[in-house]
>>> print(open('final35.tsv').read())   # TSV, C-alpha atoms and all ligand atoms
chain	number	residue	atom	x	y	z
K	219	MET	CA	7.74	44.62	15.98
K	220	LYS	CA	10.07	46.29	13.56
K	221	LYS	CA	10.37	44.19	10.45
K	222	HIS	CA	13.99	44.87	9.89
K	223	PHE	CA	15.15	44.56	13.42
K	224	PHE	CA	16.93	41.27	13.04
K	225	THR	CA	17.67	41.64	9.37
K	226	SER	CA	19.74	44.73	9.92
K	227	ILE	CA	21.83	43.51	12.77
K	228	LEU	CA	22.19	39.83	12.03
K	229	SER	CA	23.91	40.40	8.72
K	230	ALA	CA	26.95	41.37	10.72
K	231	PHE	CA	27.27	37.93	12.26
K	232	PHE	CA	28.03	34.93	10.11
K	233	GLY	CA	29.39	31.53	10.48
K	234	LEU	CA	28.72	30.58	14.07
K	235	THR	CA	27.58	27.00	14.21
K	236	VAL	CA	27.34	24.53	17.00
K	237	ALA	CA	27.66	20.83	17.30
K	238	LEU	CA	24.43	19.17	18.27
K	239	ALA	CA	23.86	16.57	20.91
K	240	ALA	CA	20.90	14.51	21.88
K	241	GLY	CA	17.91	16.21	23.47
K	242	PRO	CA	14.43	17.41	22.62
K	243	ILE	CA	15.56	21.00	22.09
K	244	ASP	CA	18.81	20.33	20.27
K	245	GLY	CA	18.91	20.98	16.58
K	246	LYS	CA	17.95	23.45	13.92
K	247	TRP	CA	14.56	25.11	13.98
K	248	SER	CA	12.88	27.50	11.62
K	249	GLY	CA	9.55	29.28	11.43
K	250	LYS	CA	7.97	32.65	11.99
K	251	ILE	CA	7.33	35.02	14.85
K	252	GLY	CA	4.96	37.94	14.91
K	253	ASP	CA	3.09	38.64	11.71
K	254	ASP	CA	5.58	37.40	9.22
K	255	TYR	CA	9.08	37.40	10.53
K	256	ALA	CA	11.29	34.46	9.56
K	257	LEU	CA	13.46	33.12	12.34
K	258	THR	CA	15.92	30.28	12.80
K	259	LEU	CA	17.39	28.77	15.92
K	260	ASP	CA	20.33	26.41	16.18
K	261	LEU	CA	20.43	25.09	19.73
K	262	LYS	CA	22.52	22.81	21.87
K	263	THR	CA	21.80	21.68	25.39
K	264	ASP	CA	24.35	20.65	27.98
K	265	GLY	CA	22.62	19.68	31.19
K	266	ASN	CA	20.43	22.66	31.96
K	267	GLN	CA	22.59	25.00	29.92
K	268	LEU	CA	21.53	26.13	26.48
K	269	THR	CA	23.81	27.60	23.85
K	270	GLY	CA	23.49	28.30	20.16
K	271	THR	CA	22.39	30.97	17.74
K	272	ILE	CA	19.34	32.95	16.73
K	273	GLY	CA	19.07	34.33	13.24
K	274	ASN	CA	17.55	34.28	9.79
K	275	ALA	CA	18.75	33.86	6.23
K	276	ASN	CA	21.04	36.84	6.61
K	277	GLY	CA	23.02	35.64	9.58
K	278	SER	CA	22.90	34.76	13.24
K	279	LEU	CA	23.71	35.95	16.73
K	280	PRO	CA	24.80	33.91	19.73
K	281	ILE	CA	22.22	33.46	22.47
K	282	LYS	CA	23.00	34.32	26.09
K	283	GLU	CA	22.00	33.01	29.48
K	284	GLY	CA	20.38	29.97	27.91
K	285	LYS	CA	18.58	27.66	30.35
K	286	VAL	CA	16.77	24.39	29.87
K	287	ASP	CA	14.05	22.80	32.02
K	288	GLY	CA	12.84	19.59	30.41
K	289	THR	CA	11.23	20.61	27.14
K	290	SER	CA	11.08	24.30	28.12
K	291	PHE	CA	13.87	26.78	27.71
K	292	SER	CA	14.75	30.44	27.86
K	293	PHE	CA	17.56	32.63	26.66
K	294	LYS	CA	18.35	36.22	25.89
K	295	THR	CA	19.68	37.97	22.86
K	296	GLU	CA	20.97	41.49	22.69
K	297	TYR	CA	20.52	44.24	20.17
K	298	ASP	CA	21.97	47.70	20.43
K	299	GLY	CA	22.16	47.46	24.19
K	300	ASN	CA	18.60	46.14	24.50
K	301	VAL	CA	18.26	42.72	26.08
K	302	ILE	CA	15.49	40.67	24.46
K	303	PRO	CA	14.24	37.70	26.53
K	304	VAL	CA	13.03	34.65	24.61
K	305	LYS	CA	11.28	31.60	26.04
K	306	GLY	CA	9.78	28.53	24.47
K	307	THR	CA	8.68	24.93	24.72
K	308	VAL	CA	9.21	21.99	22.42
K	309	GLU	CA	6.75	19.24	21.58
K	310	GLY	CA	8.36	16.71	19.28
K	311	ASP	CA	9.25	18.62	16.12
K	312	LYS	CA	7.27	21.75	17.06
K	313	MET	CA	8.55	24.72	19.06
K	314	ILE	CA	6.27	27.39	20.54
K	315	LEU	CA	8.22	30.58	21.04
K	316	SER	CA	7.59	33.87	22.78
K	317	VAL	CA	9.88	36.87	22.20
K	318	ASN	CA	9.60	39.76	24.63
K	319	TYR	CA	10.20	42.86	22.57
K	320	ASN	CA	9.81	46.23	24.27
K	321	GLY	CA	7.57	44.68	26.88
K	322	SER	CA	5.29	42.91	24.38
K	323	GLU	CA	5.18	39.13	24.04
K	324	VAL	CA	5.48	38.26	20.35
K	325	PRO	CA	4.45	34.64	19.69
K	326	GLY	CA	5.96	32.33	17.10
K	327	THR	CA	6.04	28.73	15.92
K	328	LEU	CA	9.12	26.97	14.64
K	329	MET	CA	9.53	23.47	13.26
K	330	ARG	CA	12.50	21.18	13.52
K	331	GLN	CA	14.58	21.09	10.36
K	332	GLY	CA	15.55	17.76	8.85
K	333	GLY	CA	19.17	18.55	8.16
K	334	SER	CA	21.95	18.21	10.66
K	335	SER	CA	24.17	20.99	11.93
K	336	SER	CA	26.71	22.38	9.55
K	337	THR	CA	29.59	21.22	11.70
K	338	ALA	CA	31.29	17.96	10.89
K	339	THR	CA	30.75	16.66	14.38
K	340	ALA	CA	27.02	17.28	14.36
K	341	THR	CA	24.55	14.56	15.07
K	342	ARG	CA	20.80	14.76	14.91
K	343	PRO	CA	18.90	14.62	18.18
K	344	ARG	CA	18.58	11.06	19.37
K	345	ALA	CA	15.20	9.64	18.39
K	346	LYS	CA	13.07	7.82	20.91
K	347	PRO	CA	11.46	4.46	20.12
K	348	GLU	CA	8.04	5.86	21.10
K	349	GLU	CA	8.20	8.45	18.32
K	350	THR	CA	7.60	5.80	15.67
K	351	GLU	CA	4.92	3.84	17.50
K	352	VAL	CA	1.47	4.13	15.92
K	353	TRP	CA	-1.38	3.05	18.21
K	354	ASP	CA	-4.33	4.16	16.15
K	355	PRO	CA	-6.06	2.82	14.12
K	356	VAL	CA	-6.26	-0.66	15.59
K	357	PRO	CA	-6.80	-3.44	13.00
K	358	LYS	CA	-10.15	-5.21	13.28
K	359	VAL	CA	-9.99	-8.54	15.01
K	360	ILE	CA	-11.05	-11.52	12.89
K	361	THR	CA	-10.95	-15.25	13.46
K	362	ALA	CA	-8.52	-16.98	11.14
K	363	GLY	CA	-9.50	-20.24	9.48
K	364	LYS	CA	-8.48	-23.52	11.08
K	365	THR	CA	-5.89	-23.92	8.32
K	366	PRO	CA	-4.77	-21.45	5.63
K	367	LEU	CA	-7.24	-23.17	3.33
K	368	ASP	CA	-10.21	-22.33	5.53
K	369	ALA	CA	-12.12	-19.08	5.27
K	370	PRO	CA	-11.48	-16.52	8.00
K	371	SER	CA	-14.47	-14.94	9.73
K	372	ASP	CA	-14.58	-11.86	7.51
K	373	ALA	CA	-14.56	-13.74	4.19
K	374	VAL	CA	-17.41	-13.74	1.69
K	375	ILE	CA	-18.11	-17.42	1.02
K	376	LEU	CA	-18.58	-17.91	-2.71
K	377	PHE	CA	-18.82	-21.70	-2.67
K	378	ASP	CA	-18.80	-23.93	0.39
K	379	GLY	CA	-19.81	-27.17	-1.30
K	380	LYS	CA	-23.56	-26.76	-0.90
K	381	ASN	CA	-25.03	-24.66	-3.68
K	382	LEU	CA	-24.44	-21.99	-6.32
K	383	ASP	CA	-26.52	-19.29	-4.63
K	384	GLN	CA	-23.68	-16.79	-5.10
K	385	TRP	CA	-23.38	-17.42	-8.86
K	386	VAL	CA	-25.22	-16.72	-12.11
K	387	THR	CA	-24.80	-17.69	-15.75
K	388	VAL	CA	-22.83	-14.93	-17.47
K	389	LYS	CA	-24.77	-14.76	-20.73
K	390	ASP	CA	-28.27	-14.23	-19.29
K	391	LYS	CA	-27.76	-13.87	-15.52
K	392	SER	CA	-29.97	-16.93	-14.95
K	393	PRO	CA	-29.12	-19.24	-12.00
K	394	ALA	CA	-25.73	-20.87	-12.48
K	395	ASN	CA	-26.20	-24.32	-13.94
K	396	TRP	CA	-22.98	-26.15	-13.18
K	397	THR	CA	-22.92	-29.41	-11.26
K	398	VAL	CA	-22.72	-29.46	-7.47
K	399	SER	CA	-22.10	-32.90	-6.04
K	400	LYS	CA	-20.42	-34.15	-2.87
K	401	GLY	CA	-19.22	-30.68	-1.97
K	402	VAL	CA	-17.58	-30.15	-5.37
K	403	LEU	CA	-18.49	-27.81	-8.22
K	404	THR	CA	-17.89	-29.21	-11.72
K	405	VAL	CA	-17.93	-27.20	-14.92
K	406	ASN	CA	-20.92	-27.70	-17.22
K	407	LYS	CA	-19.37	-26.72	-20.52
K	408	ALA	CA	-22.74	-26.54	-22.26
K	409	ALA	CA	-24.01	-23.98	-19.72
K	410	GLY	CA	-21.16	-21.53	-20.35
K	411	ASN	CA	-19.25	-19.26	-17.99
K	412	ILE	CA	-20.59	-18.42	-14.54
K	413	GLU	CA	-19.83	-15.38	-12.40
K	414	THR	CA	-20.52	-14.10	-8.92
K	415	LYS	CA	-23.66	-12.10	-8.21
K	416	ARG	CA	-21.56	-9.69	-6.20
K	417	SER	CA	-18.99	-7.33	-7.62
K	418	PHE	CA	-15.57	-6.74	-6.16
K	419	THR	CA	-12.74	-4.27	-6.52
K	420	ASN	CA	-9.62	-5.17	-4.53
K	421	TYR	CA	-9.59	-8.50	-2.79
K	422	GLN	CA	-7.89	-11.67	-1.58
K	423	LEU	CA	-9.29	-14.79	-3.23
K	424	HIS	CA	-8.92	-18.44	-2.27
K	425	ILE	CA	-10.02	-21.08	-4.76
K	426	GLU	CA	-9.23	-24.77	-5.16
K	427	TRP	CA	-9.42	-26.66	-8.43
K	428	LYS	CA	-8.81	-30.16	-9.73
K	429	ILE	CA	-8.06	-31.58	-13.13
K	430	PRO	CA	-9.82	-34.95	-13.56
K	431	GLU	CA	-7.49	-37.86	-12.93
K	432	LYS	CA	-8.24	-39.29	-16.35
K	433	ILE	CA	-7.87	-36.11	-18.38
K	434	SER	CA	-7.56	-36.40	-22.14
K	435	LEU	CA	-6.20	-34.31	-25.02
K	436	THR	CA	-3.15	-32.01	-24.93
K	437	GLY	CA	-2.00	-28.40	-24.78
K	438	GLN	CA	-4.72	-25.80	-24.29
K	439	SER	CA	-7.37	-28.49	-24.76
K	440	ARG	CA	-6.38	-30.40	-21.61
K	441	GLY	CA	-8.43	-29.25	-18.61
K	442	ASN	CA	-8.68	-25.61	-19.67
K	443	SER	CA	-10.67	-23.28	-17.47
K	444	GLY	CA	-9.87	-19.95	-15.91
K	445	ILE	CA	-10.61	-17.51	-13.15
K	446	PHE	CA	-11.46	-14.06	-14.43
K	447	LEU	CA	-10.35	-11.82	-11.59
K	448	ALA	CA	-12.67	-9.15	-12.94
K	449	SER	CA	-15.41	-10.09	-15.38
K	450	THR	CA	-15.88	-6.91	-17.36
K	451	GLY	CA	-18.34	-8.25	-19.93
K	452	PRO	CA	-19.81	-11.33	-21.61
K	453	GLY	CA	-17.84	-14.33	-22.79
K	454	ASP	CA	-14.20	-14.19	-21.80
K	455	ALA	CA	-14.04	-10.41	-21.24
K	456	GLY	CA	-11.87	-9.48	-18.28
K	457	TYR	CA	-8.62	-10.54	-16.65
K	458	GLU	CA	-7.98	-14.29	-16.75
K	459	LEU	CA	-5.80	-16.25	-14.38
K	460	GLN	CA	-5.36	-19.45	-16.39
K	461	VAL	CA	-6.43	-22.86	-15.15
K	462	LEU	CA	-5.04	-25.78	-17.13
K	463	ASP	CA	-3.41	-29.13	-16.65
K	464	SER	CA	0.22	-28.03	-16.73
K	465	TYR	CA	1.64	-31.22	-15.25
K	466	GLU	CA	3.85	-32.48	-18.04
K	467	ASN	CA	1.57	-30.88	-20.61
K	468	LYS	CA	3.40	-28.53	-22.93
K	469	THR	CA	1.79	-25.34	-24.18
K	470	TYR	CA	2.85	-21.72	-24.64
K	471	SER	CA	4.37	-20.52	-21.35
K	472	ASN	CA	2.12	-17.49	-21.02
K	473	GLY	CA	-0.89	-19.78	-21.34
K	474	GLN	CA	-0.03	-22.46	-18.79
K	475	ALA	CA	-1.49	-22.80	-15.31
K	476	GLY	CA	-0.59	-19.79	-13.15
K	477	SER	CA	-0.21	-17.47	-16.11
K	478	ILE	CA	-2.08	-14.24	-16.56
K	479	TYR	CA	-3.36	-15.42	-19.89
K	480	LYS	CA	-1.04	-14.34	-22.72
K	481	GLN	CA	0.55	-11.66	-20.52
K	482	ALA	CA	2.56	-13.07	-17.66
K	483	ILE	CA	4.44	-16.37	-17.55
K	484	PRO	CA	4.27	-17.95	-14.08
K	485	LEU	CA	7.53	-17.67	-12.12
K	486	ALA	CA	7.47	-21.44	-11.59
K	487	ASN	CA	5.38	-24.43	-12.59
K	488	ALA	CA	3.94	-25.65	-9.29
K	489	SER	CA	1.31	-27.88	-10.90
K	490	LYS	CA	0.16	-31.06	-9.24
K	491	LYS	CA	-0.82	-34.22	-11.04
K	492	PRO	CA	-4.29	-34.58	-12.51
K	493	GLY	CA	-6.61	-35.88	-9.82
K	494	GLU	CA	-4.98	-33.84	-7.05
K	495	TRP	CA	-6.56	-30.70	-5.63
K	496	GLN	CA	-4.65	-27.49	-6.33
K	497	VAL	CA	-4.88	-24.10	-4.68
K	498	TYR	CA	-4.76	-20.54	-5.91
K	499	ASP	CA	-4.47	-17.71	-3.42
K	500	VAL	CA	-4.75	-14.42	-5.24
K	501	ILE	CA	-4.30	-10.78	-4.25
K	502	TRP	CA	-6.00	-8.60	-6.83
K	503	ASN	CA	-5.54	-4.85	-6.94
K	504	ALA	CA	-7.98	-3.56	-9.51
K	505	PRO	CA	-6.95	-0.94	-12.04
K	506	LYS	CA	-7.98	2.65	-11.36
K	507	PHE	CA	-9.26	4.83	-14.15
K	508	ASN	CA	-9.60	8.55	-14.73
K	509	ALA	CA	-12.97	10.05	-15.64
K	510	ASP	CA	-12.05	10.01	-19.33
K	511	GLY	CA	-11.35	6.25	-19.19
K	512	SER	CA	-7.57	6.53	-19.24
K	513	VAL	CA	-5.62	4.39	-16.78
K	514	GLN	CA	-4.64	6.06	-13.53
K	515	THR	CA	-3.12	2.93	-11.94
K	516	PRO	CA	-2.77	-0.42	-13.74
K	517	ALA	CA	-4.05	-3.62	-12.15
K	518	HIS	CA	-1.59	-5.64	-10.06
K	519	VAL	CA	-1.85	-9.28	-9.12
K	520	THR	CA	-0.04	-11.68	-6.84
K	521	VAL	CA	-0.80	-15.38	-7.28
K	522	ILE	CA	0.29	-18.21	-5.01
K	523	HIS	CA	-0.16	-21.63	-6.60
K	524	ASN	CA	0.02	-24.57	-4.20
K	525	GLY	CA	2.02	-22.40	-1.79
K	526	VAL	CA	4.39	-21.10	-4.48
K	527	VAL	CA	4.45	-17.48	-5.67
K	528	VAL	CA	3.87	-17.62	-9.41
K	529	GLN	CA	2.87	-13.97	-9.97
K	530	ASN	CA	4.62	-11.38	-7.85
K	531	ASN	CA	2.64	-8.13	-7.87
K	532	TYR	CA	2.54	-8.32	-11.66
K	533	GLU	CA	1.41	-5.12	-13.37
K	534	LEU	CA	-1.14	-6.00	-16.03
K	535	LYS	CA	-1.09	-4.45	-19.49
K	536	GLY	CA	-4.87	-4.61	-19.78
K	537	GLU	CA	-7.56	-7.25	-20.14
K	538	THR	CA	-6.41	-10.68	-21.23
K	539	THR	CA	-7.24	-11.50	-24.84
K	540	TYR	CA	-7.05	-14.63	-26.98
K	541	ILE	CA	-6.14	-12.63	-30.07
K	542	GLY	CA	-4.34	-9.30	-30.13
K	543	GLN	CA	-2.81	-7.03	-27.54
K	544	PRO	CA	-4.21	-6.38	-24.08
K	545	GLN	CA	-6.10	-3.13	-23.56
K	546	TYR	CA	-7.71	-1.53	-20.57
K	547	LYS	CA	-11.42	-0.81	-20.44
K	548	LYS	CA	-12.79	1.31	-17.61
K	549	TYR	CA	-14.69	-0.43	-14.84
K	550	GLU	CA	-15.10	0.16	-11.11
K	551	SER	CA	-16.09	-3.18	-9.64
K	552	ALA	CA	-16.81	-6.48	-11.33
K	553	PRO	CA	-17.87	-10.07	-10.64
K	554	ILE	CA	-15.40	-12.94	-10.47
K	555	LYS	CA	-15.96	-15.35	-13.37
K	556	LEU	CA	-15.20	-19.04	-13.92
K	557	GLN	CA	-14.57	-20.26	-17.43
K	558	ALA	CA	-16.42	-23.04	-19.22
K	559	HIS	CA	-13.81	-23.61	-21.89
K	560	GLY	CA	-14.89	-25.13	-25.19
K	561	ASP	CA	-12.28	-27.87	-25.31
K	562	LYS	CA	-13.47	-31.48	-25.44
K	563	SER	CA	-11.53	-32.76	-22.44
K	564	GLU	CA	-13.28	-33.87	-19.25
K	565	PRO	CA	-14.61	-30.92	-17.17
K	566	ILE	CA	-12.58	-29.74	-14.20
K	567	SER	CA	-13.86	-29.08	-10.68
K	568	PHE	CA	-13.68	-26.35	-8.04
K	569	ARG	CA	-14.24	-26.22	-4.29
K	570	ASN	CA	-13.78	-23.99	-1.24
K	571	ILE	CA	-14.03	-20.55	-2.85
K	572	TRP	CA	-13.91	-17.48	-0.64
K	573	VAL	CA	-12.91	-13.88	-0.98
K	574	ARG	CA	-11.94	-11.05	1.38
K	575	GLU	CA	-12.43	-7.51	0.20
K	576	LEU	CA	-9.40	-5.29	0.73
K	601	MG	MG	-8.62	-20.60	-19.78
>>> encode(input="final35.tsv", output="structure tokens")
Amino acid sequence: MKKHFFTSILSAFFGLTVALAAGPIDGKWSGKIGDDYALTLDLKTDGNQLTGTIGNANGSLPIKEGKVDGTSFSFKTEYDGNVIPVKGTVEGDKMILSVNYNGSEVPGTLMRQGGSSSTATATRPRAKPEETEVWDPVPKVITAGKTPLDAPSDAVILFDGKNLDQWVTVKDKSPANWTVSKGVLTVNKAAGNIETKRSFTNYQLHIEWKIPEKISLTGQSRGNSGIFLASTGPGDAGYELQVLDSYENKTYSNGQAGSIYKQAIPLANASKKPGEWQVYDVIWNAPKFNADGSVQTPAHVTVIHNGVVVQNNYELKGETTYIGQPQYKKYESAPIKLQAHGDKSEPISFRNIWVREL
């Protein structure tokens, strides 16, 4: 096919545009035919009649004898007395074209263009509801818990009231030595922090905790513990969601229950009285790091405390620290850690801990 065939003649024809109506063929299309020949179509259907233009960046020509049959169509265009038949079919936003030039079928593929016709009255082809239906993949079927407190079938059970098989002591990885009694896990402050044997990246966590009814002391010394959403090292290294008695117990706002310790003040204080069980439901999106240790995506956390959103997709500034500014430290997956805080108040308790990897 002569490269300059359309280029030479189409430059003589400018400015013909058509209003578009609904239909699979209606609209603007662009692509290539033959080896490398750019082509545009601007088409309008009216029953089984097809009108519009054929062209390229230099201009356009009106089509003739346009006919439509469902998603197939044909028309002719004329150059220097030669009639050139064109036929095609449309599948969604793709058009397969065949141009008969001097007896040879020259194939082409055009795609629907996002913009509307250049006329003021133009409308884009009417979309069908089926076009935005996605049937695959199908989400896996799980069995939800009896209540929102109960673990669904795909959860990893971290503590179900029976034992600490899923936990180790942080400092030496020996078996976790906190107290399990009557289905409840109580902090053993002398034994130090404990963490899960398994490591996690992104997850949904459910954990229940209780401040003793007869809690003593004040501020940060009153029922302090914490859930490190990623335990990135010994001691308190990692990202701490604070646990504290914050029922009528004043402390710094970014250190009360529901805070991301010293980073994010909870959006509300939803604390229950000492002696009542409280619930954290957490969605943790771990930070992503580049090979050189720099942060690709910061960590984000959503925390629901007793049914109340207290952290709303908060973007962390780094690991939580007692002194100084937060900083990120590269890790890929990490255990979940529970804090044995050094305050002298009565130890707090946990129960019903489960996690779903995301
Ligand atoms: Mg704490």
>>> residues_near_ligand(input="final35.tsv", ligand="ligand MG 601 (chain K)", cutoff="10 Å", atoms="only C-alpha atoms and all ligand atoms", output="PyMOL selection string")
chain K and resi 438-439+441-446+454+458-462+473-475+477-479+540+556-561
>>> atom_distance(input="final35.tsv", atom1="CA of Ala345 (chain K)", atom2="CA of Leu261 (chain K)")
16.4 Å
>>> closest_residue(input="final35.tsv", among="K:Lys432, K:His523, K:Lys282, K:Lys562", to="Gln496 (chain K)", atoms="all atoms listed in the file")
K:His523
>>> residues_around(input="final35.tsv", residues="Leu576 (chain K)", least_positions_apart="4", cutoff="12 Å", atoms="all atoms listed in the file", output="PyMOL selection string")
chain K and resi 372-374+418-423+500-504
>>> closest_residue(input="final35.tsv", among="K:Pro553, K:Gly306, K:Lys490, K:Asn472", to="Gln529 (chain K)", atoms="all atoms listed in the file")
K:Asn472
>>> residues_around(input="final35.tsv", residues="Pro366 (chain K)", least_positions_apart="5", cutoff="12 Å", atoms="all atoms listed in the file", output="compact mmCIF listing (two decimals) with C-alpha atoms, keeping the file's coordinate frame")
# COMPACT_ATOMS: atom_id res chain seq x y z
CA THR K 361 -10.95 -15.25 13.46
CA LEU K 423 -9.29 -14.79 -3.23
CA HIS K 424 -8.92 -18.44 -2.27
CA ILE K 425 -10.02 -21.08 -4.76
CA VAL K 497 -4.88 -24.10 -4.68
CA TYR K 498 -4.76 -20.54 -5.91
CA ASP K 499 -4.47 -17.71 -3.42
CA ASN K 524 0.02 -24.57 -4.20
CA GLY K 525 2.02 -22.40 -1.79
CA ASN K 570 -13.78 -23.99 -1.24
CA TRP K 572 -13.91 -17.48 -0.64
>>> residues_near_point(input="final35.tsv", point="(-21.9, -19.9, -2.9)", cutoff="10 Å", atoms="only C-alpha atoms", output="list in words")
Val374, Ile375, Leu376, Phe377, Asp378, Gly379, Lys380, Asn381, Leu382, Asp383, Gln384, Trp385, Thr414, Lys415, Asn570, Ile571 and Trp572 of chain K
>>> atom_distance(input="final35.tsv", atom1="CA of Lys312 (chain K)", atom2="CA of Gly326 (chain K)")
10.7 Å
>>> atom_distance(input="final35.tsv", atom1="CA of Val308 (chain K)", atom2="CA of Phe291 (chain K)")
8.5 Å
>>> closest_residue(input="final35.tsv", among="K:Ser322, K:Ser567, K:Thr365, K:Ser449", to="Lys389 (chain K)", atoms="only C-alpha atoms")
K:Ser449
>>> residues_around(input="final35.tsv", residues="Thr327 (chain K)", least_positions_apart="3", cutoff="7 Å", atoms="all atoms listed in the file", output="list in words")
Gly249, Lys250, Ile251, Met313, Ile314 and Leu315 of chain K
>>> residues_around(input="final35.tsv", residues="Asp510 (chain K)", least_positions_apart="5", cutoff="12 Å", atoms="all atoms listed in the file", output="PyMOL selection string")
chain K and resi 547-549
>>> closest_residue(input="final35.tsv", among="K:Ile243, K:Ile566, K:Ala482, K:Ile433", to="Arg344 (chain K)", atoms="all atoms listed in the file")
K:Ile243
>>> closest_residue(input="final35.tsv", among="K:Gln481, K:Ser551, K:Thr397, K:Asn266", to="Val286 (chain K)", atoms="all atoms listed in the file")
K:Asn266
>>> closest_residue(input="final35.tsv", among="K:Thr515, K:Ser471, K:Ser489, K:Thr295", to="Ile281 (chain K)", atoms="only C-alpha atoms")
K:Thr295
>>> residues_around(input="final35.tsv", residues="Gly270 (chain K)", least_positions_apart="2", cutoff="7 Å", atoms="all atoms listed in the file", output="ChimeraX atom specification")
/K:236,260-262,268,280-281
>>> write_last_selection(input="final35.tsv", atoms="C-alpha atoms", output="JSON list (two decimals), in the coordinates of the input")
[["chain", "number", "residue", "atom", "x", "y", "z"],
["K", 236, "VAL", "CA", 27.34, 24.53, 17.00],
["K", 260, "ASP", "CA", 20.33, 26.41, 16.18],
["K", 261, "LEU", "CA", 20.43, 25.09, 19.73],
["K", 262, "LYS", "CA", 22.52, 22.81, 21.87],
["K", 268, "LEU", "CA", 21.53, 26.13, 26.48],
["K", 280, "PRO", "CA", 24.80, 33.91, 19.73],
["K", 281, "ILE", "CA", 22.22, 33.46, 22.47]]
